[in-house]
Each structure stands twice: as structure tokens, then as C-alpha cells.
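Below is one structure, written out as C-alpha cells; comments come after it.
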Amino acid sequence: MKFSYQEMPETLKGTYAEASQAWGFSWKEFVATVPSPLLLVTTYKQNGLPNACMQSWATFTSANRGKGFYAILGSVNKNGHLYATLQEKKEAVINFVSAVSFEKCMATIKNNQPEADEISVSGLTPRPASWVNAPMVEECFMNLECRYQWEKEIVPGDDHALICLEVIGVHIDEAYLKDRTGDQGVLFNIHHPQNPEITEKTGHDYAGIIQKKIDMGEY
Ligand SMILES: Cc1cc2nc3c(=O)[nH]c(=O)nc-3n(C[C@H](O)[C@H](O)[C@H](O)COP(=O)(O)O)c2cc1C
């Protein structure tokens with residue numbers, strides 16, 4: 001049996017799913033709850049200090065007939081420091097968050113002051129990237145060095161932008177090269193699932209890992 005929703009169900013009215021439209025979220029996001037990877041995007045601020053910004057509404061794809069690999073940051077707040085630093089420096093590193101580095105990466109959100117080296121203050125180690133002008137985070141198991149390509153508003157006039165970055169180079173821990181899944185692999189944001197068939201005033205956010213299920217080489 002499937003439930004179908006097009007308008008906000010009565011049970012979601014007055015709950016977190018309705019209230020969070022004020023922060024830019026549609027109630028459909030909490031009903032569909034499509035997991036997306038947890039990333040820490042690092043840049044240099046105008047004063048030369050590292051900026052760090054958690055991002056999650058993101059995906060990756062090859063393009064240009066296989067000549068390039070690209071990150072699509074689907075929803076970058078135009079009023080945040082990441083947006084401003086990308087406009088100025090045009091380069092960034094995408095650091096992958098694991099369960100081990102999760103707490104420290106999340107601490108960058110409260111260490112968001114302009115005068116802070118947001119990576120060091122959060123207990124992480126900044127290293128200069130090899131091919132772009134941006135810092136990267138030592139403790140993250142994979143770092144993608146990126147160059148800004150273009151941006152677009154999903155809906156004209158939106159306060160968030162979809163930004164395309166080209167991946168210039170990759171740094172990967174040996175352990176992750178051997179096994180991309182499990183406890184030490186990519187963490188996914190499971191954003192506040194809510195079940196419209198019951199009234200819950202609020203739910204929870206979760207971070208999840210993935211496991212291999214089917215060998216698709218058979219198909
Ligand atoms: C799990 C998680 C995911 C997030 N994803 C995004 C995102 O995709 N886009 C965004 O603009 N902010 C996102 N944020 C909020 C920013 O990380 C946060 O506002 C940050 O402090 C902004 O940093 P900045 O001012 O240095 O850009 C996320 C926060 C969390 C906790």
C-alpha cells in the first residue's frame with residue numbers, strides 16, 4: 001500500500017515540517033527524505049583565514065564526454081561566507097565527513113566568526129590544497145580540490161544558488177580506497193523524516209552510513 005501526498009497533510013500542520021518553511025524547507029523534503037552526503041566545504045576568507053561550511057544538498061557527476069568530474073552544490077545560501085568566498089576566490093575543497101570527524105566538522109557551524117580559522121578552532125587540522133587556493137581538512141578521509149564553474153538559481157530570485165564546481169584533483173585515505181562503505185565511509189544526511197500518517201510535532205535528524213547490498217556487475 002502506498003500513501004499519496006500533493007498538498008500538505010493536515011497532520012503536518014503546526015509541526016516542524018510546516019514551521020521549517022521559514023528556514024527554506026518544503027514539507028515534501030521531510031516526507032520524501034532523500035539522503036544526501038555530508039560534506040565540509042572549505043575556502044579562504046578575504047582575510048586569508050580558513051572558512052568551513054557544512055553542505056549536504058549535493059551530488060556529483062561526470063560531464064563533457066568524460067573529460068571532467070563535477071560537484072553540484074544544490075543549495076548554497078547566498079548570505080553565507082561560503083557563497084562570498086567562492087565569488088572571490090573561485091576555488092574550494094570538498095571534504096568528506098565520516099562518523100569519526102562528524103562532531104568536529106559540525107562544530108564549524110558555531111565557530112563561524114570572520115576572525116576565526118574555522119578549521120583549527122573546531123579541533124581539525126588545515127592543510128593547504130595542492131592545486132587550488134583553498135585549505136583542506138586533514139582528518140577528512142577524502143578531499144576533492146575544486147574550481148568554481150557556474151551557478152544558477154533553481155527558481156529566479158531565490159536566496160540560495162545551485163553551484164557547479166569542477167573537481168581538479170582528489171586526495172583519498174588508503175583505508176577508503178579499499179572499502180568505500182561502512183563505519184569509516186561517506187556519511188549521509190537523513191533529514192528529519194516525518195510520517196504524515198501520525199502527528200509528530202517534530203522528528204530527528206540522523207547521519208547514516210551505506211552498505212553494499214547487490215553486486216550490479218551481474219546486470
Ligand atoms: C547537516 C547540515 C547540512 C547543511 N547543508 C547546507 C547546505 O547544503 N547549504 C547551505 O547553504 N547550508 C547548509 N548548512 C548550514 C551551514 O553549514 C551553516 O549555516 C554554516 O554555518 C554556514 O557557514 P558559512 O557562513 O561559512 O558559509 C548545513 C548545516 C548542517 C548542520
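Residue numbering restarts at 1 in every chain; chains get A, B, ... in the order shown in the C-alpha cells, and ligands count up from 1 in that same order.
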Selection within 6 Å of ligand 1 by only C-alpha atoms and all ligand atoms, output as a PyMOL selection string: chain A and resi 51-57+75-77+80-82+109+112
Can you pull out every residue within 12 Å of A:His204, counting only C-alpha atoms, but drop anything in the same chain fewer than 4 positions away, and send it as a PyMOL selection string? chain A and resi 16-17+30+33+189-195+200
Writer output for current selection, N, CA and C atoms, as a short mmCIF file (atom, residue, chain, number, x, y, z; two decimals), in the first residue's frame:
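Generated output (result.cif):
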data_model
loop_
_atom_site.label_atom_id
_atom_site.label_comp_id
_atom_site.auth_asym_id
_atom_site.auth_seq_id
_atom_site.Cartn_x
_atom_site.Cartn_y
_atom_site.Cartn_z
N TYR A 16 7.04 20.61 12.90
CA TYR A 16 8.33 21.08 12.39
C TYR A 16 8.30 21.20 10.87
N ALA A 17 7.64 20.25 10.20
CA ALA A 17 7.61 20.24 8.74
C ALA A 17 6.99 21.51 8.18
N PHE A 30 10.62 16.52 4.10
CA PHE A 30 10.58 15.70 5.31
C PHE A 30 9.72 14.45 5.13
N THR A 33 12.37 12.58 2.29
CA THR A 33 13.65 12.32 2.99
C THR A 33 14.63 11.53 2.13
N ASN A 189 23.18 12.51 5.20
CA ASN A 189 22.24 13.30 5.99
C ASN A 189 20.83 12.73 5.77
N ILE A 190 20.23 12.22 6.82
CA ILE A 190 18.83 11.74 6.74
C ILE A 190 18.01 12.83 7.43
N HIS A 191 17.46 13.71 6.59
CA HIS A 191 16.98 14.99 7.09
C HIS A 191 15.56 14.91 7.62
N HIS A 192 15.47 14.69 8.91
CA HIS A 192 14.25 14.91 9.66
C HIS A 192 13.01 14.20 9.09
N PRO A 193 13.07 12.87 8.93
CA PRO A 193 11.89 12.18 8.38
C PRO A 193 10.65 12.38 9.26
N GLN A 194 9.53 12.66 8.61
CA GLN A 194 8.25 12.76 9.33
C GLN A 194 7.19 11.93 8.61
N ASN A 195 6.39 11.25 9.38
CA ASN A 195 5.37 10.36 8.85
C ASN A 195 4.02 11.06 8.94
N GLU A 200 3.41 14.03 14.44
CA GLU A 200 4.58 14.20 15.30
C GLU A 200 4.91 15.68 15.22
#
Can you list, as a VMD selection string, every protein, DNA or RNA residue that comes within 10 Å of A:Gln211 when you count only C-alpha atoms, leaving out same-chain residues fewer than 4 positions away? chain A and resid 180 to 183 185
May I have the residues within 9 Å of stretch 138-143 of chain A as a list in words, using only C-alpha atoms and disregarding those fewer than 4 positions away in the same chain?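 Counting only the stated atoms, we get Leu40, Val93, Ile94, Asn95, Phe96, Val97, Ser98, Val100, Ser101, Cys105, Leu124, Thr125, Pro126, Arg127, Ala129, Gly169, Val170, His171, Ile172, Asp173, Glu174, Ala175, Tyr176, Gln184, Gly185 and Val186 of chain A.
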In stretch 19-188 of chain A, what's helix (DSSP H, G or I) per DSSP? Answer as a PyMOL selection string? chain A and resi 19-23+27-32+81-89+102-107+118-121+174-178
Write out as a list in words the residues lying within 12 Å of stretch 154-161 of chain A, counting only C-alpha atoms and excluding same-chain residues fewer than 4 positions away. Trp23, Gly24, Phe25, Trp57, Ala58, Ile72, Leu73, Gly74, Ser75, Val76, Asn77, Lys78, Asn79, Gly80, Leu82, Tyr83, Ala84, Leu86, Gln87 and Trp150 of chain A
From stretch 114-188 of chain A, collect each residue whose DSSP state is strand (DSSP E) and return the set as a PDB file with C-alpha atoms, in the first residue's frame.
ATOM      1  CA  PRO A 126      44.020  22.701   7.978  1.00  0.00           C
ATOM      2  CA  ARG A 127      46.492  21.897   5.175  1.00  0.00           C
ATOM      3  CA  PRO A 128      46.984  23.940   2.007  1.00  0.00           C
ATOM      4  CA  PRO A 135      42.533  24.875   2.719  1.00  0.00           C
ATOM      5  CA  MET A 136      41.693  21.203   3.164  1.00  0.00           C
ATOM      6  CA  VAL A 137      40.925  19.184   6.289  1.00  0.00           C
ATOM      7  CA  MET A 142      38.621  12.282   1.116  1.00  0.00           C
ATOM      8  CA  ASN A 143      39.289  15.818  -0.150  1.00  0.00           C
ATOM      9  CA  LEU A 144      38.239  16.999  -3.604  1.00  0.00           C
ATOM     10  CA  GLU A 145      40.048  20.105  -4.825  1.00  0.00           C
ATOM     11  CA  CYS A 146      37.597  22.158  -6.882  1.00  0.00           C
ATOM     12  CA  ARG A 147      37.316  25.173  -9.143  1.00  0.00           C
ATOM     13  CA  TYR A 148      34.097  27.232  -9.493  1.00  0.00           C
ATOM     14  CA  GLN A 149      32.374  26.874 -12.892  1.00  0.00           C
ATOM     15  CA  TRP A 150      28.928  28.484 -12.743  1.00  0.00           C
ATOM     16  CA  GLU A 151      25.828  28.999 -10.668  1.00  0.00           C
ATOM     17  CA  LYS A 152      22.088  29.173 -11.221  1.00  0.00           C
ATOM     18  CA  HIS A 160      20.116  30.019  -2.419  1.00  0.00           C
ATOM     19  CA  ALA A 161      22.152  29.115  -5.508  1.00  0.00           C
ATOM     20  CA  LEU A 162      22.957  25.828  -7.221  1.00  0.00           C
ATOM     21  CA  ILE A 163      26.726  25.937  -7.795  1.00  0.00           C
ATOM     22  CA  CYS A 164      28.785  23.757 -10.116  1.00  0.00           C
ATOM     23  CA  LEU A 165      32.427  23.109  -9.186  1.00  0.00           C
ATOM     24  CA  GLU A 166      34.890  21.158 -11.311  1.00  0.00           C
ATOM     25  CA  VAL A 167      36.888  18.559  -9.381  1.00  0.00           C
ATOM     26  CA  ILE A 168      40.558  19.263 -10.184  1.00  0.00           C
ATOM     27  CA  GLY A 169      42.173  16.583  -8.016  1.00  0.00           C
ATOM     28  CA  VAL A 170      41.459  14.036  -5.299  1.00  0.00           C
ATOM     29  CA  HIS A 171      43.168  13.001  -2.043  1.00  0.00           C
ATOM     30  CA  ILE A 172      41.943   9.714  -0.531  1.00  0.00           C
ATOM     31  CA  PHE A 188      24.595  10.660   4.661  1.00  0.00           C
TER      32      PHE A 188
END
Which of these, A:Ser4, A:Ser122, A:Asn64, A:Gln46, has the shortest distance to A:Met106 once you count only C-alpha atoms? A:Ser122
